[in-house]
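Structure, as structure tokens:
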Amino acid sequence: MGSCKKDPCCKLIPGPSLNYIDLNNLSIGQKSKYLLLWGEEYRVGDGSNYFYLDDTLILEVVAKDPQKGFMIEERFHYLGDVYTSWLEDEKDDVFQYFLKVSQDTLSILPVTGSFYKSRIFKSEYNGLKLPLAPIDQPEAQILGWFTNLSYCACNTKGFVKNYTQFGRIFPKLNLVVNNWPMASDGPGATFLYGPSEGFVRFSYYSAWTGSGYGFDLLP
């Protein structure tokens with residue numbers, strides 16, 4: 001596990017998420033909490049160059065729409081200065097969007113108009129769809145803050161077995177690596193999730209610097 005950076009560091013981890021977001025059975029009131037991480041050397045390192053900060057992200061199911069699915073409210077809680085400019089500009093904003101499940105596929109939909117805002121589903125991935133059916137090939141491993149899959153400026157899918165995060169073991173998770181924007185110097189993104197476990201890790205990183213941030217699900 002990476003180290004902590006900002007004082008008083010991991011002592012500020014909030015209490016447990018008692019009713020996690022379950023993508024297979026979304027319902028109003030479900031809530032998941034995430035701890036912010038910062039990583040370096042994407043593509044060139046071994047994944048160990050990362051650390052946690054004391055800032056958290058909260059996703060909560062707050063409403064239901066018969067057409068669009070379940071509305072998510074996304075809040076960012078920070079202490080002191082925000083470590084990265086990627087999160088600084090809209091640090092106090094509350095974002096809302098819908099999660100819709102249809103035919104084993106999860107879609108992220110805007111509340112109004114054609115676009116949504118999110119710290120985890122960035123504008124480069126507007127229209128993102130994630131498979132909820134188990135992904136059976138290839139098997140991947142988590143190495144620190146990224147995976148052992150060979151780099152490709154494309155979309156890659158796989159699965160991860162027996163992944164441990166903050167002491168919690170996840171028997172099998174889907175993995176989607178959306179690095180196609182990196183072909184034109186855009187950012188890449190990785191999603192680690194399960195149908196009932198919800199989102200376990202998000203990460204978002206620069207093609208130029210190899211640095212980026214992520215959010216890990218708290219127990």
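Going by the structure tokens order, chains are called A, B, ..., each with residues numbered from 1, while ligands are numbered from 1 in the order shown.
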
Practice item. May I have the residues within 12 Å of A:Glu139 as a ChimeraX atom specification, using only C-alpha atoms and disregarding those fewer than 3 positions away in the same chain? Key: /A:134-136,142,147-149,156-163,172-176

Exercise for review: Run DSSP on the backbone of this structure and report the residues of stretch 64-191 of chain A it assigns to alpha helix (DSSP H), as a list of chain:residue names.
Suggested key: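 Restricting stretch 64-191 of chain A to alpha helix (DSSP H) produces A:Ser85, A:Trp86, A:Leu87, A:Glu88.
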
**Study point:** Nearest to A:Asp93 by atom-to-atom distance, counting only C-alpha atoms, from A:Ser118, A:Thr112, A:Ser123, A:Ser32
**Key:**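 The closest residue to A:Asp93 is A:Ser118.
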
At a cut-off of 7 Å, can you tabulate as JSON lines every residue of stretch 28-144 of chain A near stretch 191-215 of chain A together with its closest atom pair and the distance in Å to one decimal, using only C-alpha atoms and ordering rows by chain then number?
{"residue": "A:Tyr34", "atom": "CA", "partner": "A:Phe215", "partner_atom": "CA", "distance": 5.3}
{"residue": "A:Leu35", "atom": "CA", "partner": "A:Phe215", "partner_atom": "CA", "distance": 5.3}
{"residue": "A:Leu36", "atom": "CA", "partner": "A:Phe215", "partner_atom": "CA", "distance": 4.6}
{"residue": "A:Leu37", "atom": "CA", "partner": "A:Gly214", "partner_atom": "CA", "distance": 5.1}
{"residue": "A:Trp38", "atom": "CA", "partner": "A:Tyr213", "partner_atom": "CA", "distance": 4.5}
{"residue": "A:Gly39", "atom": "CA", "partner": "A:Gly212", "partner_atom": "CA", "distance": 5.4}
{"residue": "A:Glu40", "atom": "CA", "partner": "A:Ser211", "partner_atom": "CA", "distance": 4.2}
{"residue": "A:Glu41", "atom": "CA", "partner": "A:Gly210", "partner_atom": "CA", "distance": 4.9}
{"residue": "A:Tyr42", "atom": "CA", "partner": "A:Gly210", "partner_atom": "CA", "distance": 4.5}
{"residue": "A:Arg43", "atom": "CA", "partner": "A:Gly210", "partner_atom": "CA", "distance": 6.9}
{"residue": "A:Ile120", "atom": "CA", "partner": "A:Phe202", "partner_atom": "CA", "distance": 6.4}
{"residue": "A:Leu132", "atom": "CA", "partner": "A:Pro195", "partner_atom": "CA", "distance": 5.6}

Write out, as an mmCIF file, in the first residue's frame, the residues just selected, with N, CA and C atoms.
data_model
loop_
_atom_site.group_PDB
_atom_site.id
_atom_site.type_symbol
_atom_site.label_atom_id
_atom_site.label_comp_id
_atom_site.auth_asym_id
_atom_site.auth_seq_id
_atom_site.Cartn_x
_atom_site.Cartn_y
_atom_site.Cartn_z
ATOM 1 N N TYR A 34 -14.728 7.112 -0.725
ATOM 2 C CA TYR A 34 -13.449 6.809 -1.358
ATOM 3 C C TYR A 34 -12.358 7.721 -0.819
ATOM 4 N N LEU A 35 -11.151 7.170 -0.742
ATOM 5 C CA LEU A 35 -9.983 7.928 -0.314
ATOM 6 C C LEU A 35 -9.156 8.306 -1.540
ATOM 7 N N LEU A 36 -8.701 9.552 -1.569
ATOM 8 C CA LEU A 36 -7.938 10.070 -2.704
ATOM 9 C C LEU A 36 -6.509 9.545 -2.691
ATOM 10 N N LEU A 37 -6.010 9.156 -3.852
ATOM 11 C CA LEU A 37 -4.597 8.807 -3.988
ATOM 12 C C LEU A 37 -3.982 9.627 -5.111
ATOM 13 N N TRP A 38 -2.666 9.774 -5.040
ATOM 14 C CA TRP A 38 -1.903 10.440 -6.098
ATOM 15 C C TRP A 38 -0.787 9.510 -6.533
ATOM 16 N N GLY A 39 -0.656 9.290 -7.850
ATOM 17 C CA GLY A 39 0.349 8.379 -8.371
ATOM 18 C C GLY A 39 1.246 9.033 -9.398
ATOM 19 N N GLU A 40 2.436 8.486 -9.544
ATOM 20 C CA GLU A 40 3.421 8.967 -10.520
ATOM 21 C C GLU A 40 3.922 7.780 -11.347
ATOM 22 N N GLU A 41 4.567 8.095 -12.473
ATOM 23 C CA GLU A 41 5.278 7.126 -13.310
ATOM 24 C C GLU A 41 4.362 6.089 -13.946
ATOM 25 N N TYR A 42 3.175 6.513 -14.377
ATOM 26 C CA TYR A 42 2.334 5.606 -15.144
ATOM 27 C C TYR A 42 3.062 5.236 -16.440
ATOM 28 N N ARG A 43 3.018 3.972 -16.797
ATOM 29 C CA ARG A 43 3.656 3.391 -17.990
ATOM 30 C C ARG A 43 5.132 3.073 -17.781
ATOM 31 N N ILE A 120 -14.778 11.523 -11.645
ATOM 32 C CA ILE A 120 -14.371 10.156 -11.964
ATOM 33 C C ILE A 120 -14.780 9.738 -13.373
ATOM 34 N N LEU A 132 -21.339 -5.063 -17.066
ATOM 35 C CA LEU A 132 -21.531 -5.623 -15.729
ATOM 36 C C LEU A 132 -21.429 -7.139 -15.726
#

**Study point:** d(atom CA of A:Arg75, atom CA of A:Gly113) in Å
**Key:**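 Going from atom CA of A:Arg75 over to atom CA of A:Gly113 covers 20.9 Å.
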
**Study point:** Those in stretch 19-116 of chain A with strand (DSSP E) from DSSP, as a VMD selection string
**Key:** chain A and resid 31 to 39 50 to 65 69 to 77 95 to 102 105 to 110

Those residues with N, CA and C atoms, as a compact mmCIF listing (two decimals), in the first residue's frame please?
# COMPACT_ATOMS: atom_id res chain seq x y z
N LYS A 31 -24.65 4.50 -0.40
CA LYS A 31 -23.56 5.48 -0.37
C LYS A 31 -22.23 4.75 -0.31
N SER A 32 -21.27 5.22 -1.08
CA SER A 32 -19.90 4.69 -1.04
C SER A 32 -18.94 5.85 -0.85
N LYS A 33 -17.88 5.59 -0.05
CA LYS A 33 -16.89 6.62 0.25
C LYS A 33 -15.52 6.16 -0.24
N TYR A 34 -14.73 7.11 -0.73
CA TYR A 34 -13.45 6.81 -1.36
C TYR A 34 -12.36 7.72 -0.82
N LEU A 35 -11.15 7.17 -0.74
CA LEU A 35 -9.98 7.93 -0.31
C LEU A 35 -9.16 8.31 -1.54
N LEU A 36 -8.70 9.55 -1.57
CA LEU A 36 -7.94 10.07 -2.70
C LEU A 36 -6.51 9.54 -2.69
N LEU A 37 -6.01 9.16 -3.85
CA LEU A 37 -4.60 8.81 -3.99
C LEU A 37 -3.98 9.63 -5.11
N TRP A 38 -2.67 9.77 -5.04
CA TRP A 38 -1.90 10.44 -6.10
C TRP A 38 -0.79 9.51 -6.53
N GLY A 39 -0.66 9.29 -7.85
CA GLY A 39 0.35 8.38 -8.37
C GLY A 39 1.25 9.03 -9.40
N TYR A 50 3.10 5.93 -5.33
CA TYR A 50 1.82 6.59 -5.08
C TYR A 50 1.64 6.75 -3.58
N PHE A 51 0.73 7.62 -3.21
CA PHE A 51 0.43 7.83 -1.79
C PHE A 51 -1.01 8.29 -1.65
N TYR A 52 -1.55 8.09 -0.45
CA TYR A 52 -2.91 8.53 -0.14
C TYR A 52 -2.89 9.90 0.51
N LEU A 53 -3.97 10.64 0.28
CA LEU A 53 -4.19 11.90 0.94
C LEU A 53 -5.41 11.77 1.85
N ASP A 54 -5.70 12.82 2.60
CA ASP A 54 -6.81 12.72 3.55
C ASP A 54 -8.11 13.29 2.99
N ASP A 55 -8.20 13.41 1.68
CA ASP A 55 -9.42 13.90 1.04
C ASP A 55 -10.27 12.72 0.59
N THR A 56 -11.58 12.90 0.61
CA THR A 56 -12.48 11.81 0.30
C THR A 56 -13.53 12.23 -0.72
N LEU A 57 -14.04 11.23 -1.42
CA LEU A 57 -15.13 11.41 -2.37
C LEU A 57 -16.31 10.58 -1.87
N ILE A 58 -17.50 11.15 -1.96
CA ILE A 58 -18.70 10.43 -1.55
C ILE A 58 -19.66 10.37 -2.74
N LEU A 59 -20.10 9.17 -3.06
CA LEU A 59 -21.14 8.95 -4.06
C LEU A 59 -22.38 8.45 -3.33
N GLU A 60 -23.51 9.08 -3.59
CA GLU A 60 -24.75 8.69 -2.93
C GLU A 60 -25.88 8.63 -3.94
N VAL A 61 -26.70 7.58 -3.84
CA VAL A 61 -27.90 7.47 -4.67
C VAL A 61 -28.99 8.31 -4.02
N VAL A 62 -29.48 9.33 -4.74
CA VAL A 62 -30.41 10.28 -4.12
C VAL A 62 -31.79 10.30 -4.75
N ALA A 63 -31.97 9.74 -5.93
CA ALA A 63 -33.27 9.79 -6.59
C ALA A 63 -33.34 8.72 -7.67
N LYS A 64 -34.56 8.49 -8.17
CA LYS A 64 -34.77 7.52 -9.24
C LYS A 64 -35.64 8.14 -10.32
N ASP A 65 -35.28 7.88 -11.56
CA ASP A 65 -36.05 8.34 -12.71
C ASP A 65 -36.44 7.12 -13.54
N GLY A 69 -32.78 6.02 -14.82
CA GLY A 69 -32.19 5.19 -13.78
C GLY A 69 -32.06 5.93 -12.46
N PHE A 70 -30.93 5.76 -11.78
CA PHE A 70 -30.74 6.30 -10.44
C PHE A 70 -29.77 7.47 -10.47
N MET A 71 -30.19 8.55 -9.80
CA MET A 71 -29.35 9.75 -9.75
C MET A 71 -28.28 9.61 -8.68
N ILE A 72 -27.05 9.91 -9.06
CA ILE A 72 -25.92 9.92 -8.15
C ILE A 72 -25.56 11.36 -7.81
N GLU A 73 -25.32 11.60 -6.53
CA GLU A 73 -24.78 12.88 -6.09
C GLU A 73 -23.34 12.66 -5.67
N GLU A 74 -22.44 13.45 -6.24
CA GLU A 74 -21.00 13.28 -6.03
C GLU A 74 -20.45 14.50 -5.31
N ARG A 75 -19.86 14.27 -4.13
CA ARG A 75 -19.29 15.35 -3.32
C ARG A 75 -17.83 15.06 -3.01
N PHE A 76 -17.03 16.12 -2.99
CA PHE A 76 -15.61 16.03 -2.66
C PHE A 76 -15.37 16.73 -1.33
N HIS A 77 -14.78 16.01 -0.38
CA HIS A 77 -14.46 16.56 0.94
C HIS A 77 -12.95 16.66 1.06
N PHE A 95 -21.78 17.40 -8.00
CA PHE A 95 -22.16 16.93 -9.34
C PHE A 95 -23.27 15.89 -9.23
N GLN A 96 -24.15 15.90 -10.22
CA GLN A 96 -25.22 14.92 -10.29
C GLN A 96 -25.28 14.33 -11.69
N TYR A 97 -25.52 13.03 -11.75
CA TYR A 97 -25.69 12.32 -13.02
C TYR A 97 -26.43 11.03 -12.72
N PHE A 98 -26.82 10.34 -13.76
CA PHE A 98 -27.58 9.10 -13.58
C PHE A 98 -26.72 7.88 -13.92
N LEU A 99 -26.96 6.80 -13.19
CA LEU A 99 -26.45 5.48 -13.53
C LEU A 99 -27.63 4.64 -13.99
N LYS A 100 -27.52 4.12 -15.19
CA LYS A 100 -28.60 3.30 -15.73
C LYS A 100 -28.06 1.93 -16.12
N VAL A 101 -28.72 0.89 -15.65
CA VAL A 101 -28.33 -0.48 -15.96
C VAL A 101 -29.34 -1.07 -16.94
N SER A 102 -28.85 -1.56 -18.06
CA SER A 102 -29.70 -2.20 -19.06
C SER A 102 -28.90 -3.26 -19.79
N THR A 105 -25.25 -3.76 -18.88
CA THR A 105 -24.38 -2.65 -19.23
C THR A 105 -24.74 -1.44 -18.38
N LEU A 106 -23.73 -0.80 -17.83
CA LEU A 106 -23.92 0.41 -17.03
C LEU A 106 -23.61 1.63 -17.88
N SER A 107 -24.55 2.56 -17.94
CA SER A 107 -24.36 3.81 -18.66
C SER A 107 -24.40 4.98 -17.68
N ILE A 108 -23.61 6.01 -17.97
CA ILE A 108 -23.63 7.24 -17.19
C ILE A 108 -24.31 8.29 -18.03
N LEU A 109 -25.38 8.88 -17.50
CA LEU A 109 -26.22 9.79 -18.26
C LEU A 109 -26.29 11.15 -17.57
N PRO A 110 -26.37 12.24 -18.34
CA PRO A 110 -26.51 13.56 -17.73
C PRO A 110 -27.91 13.79 -17.18
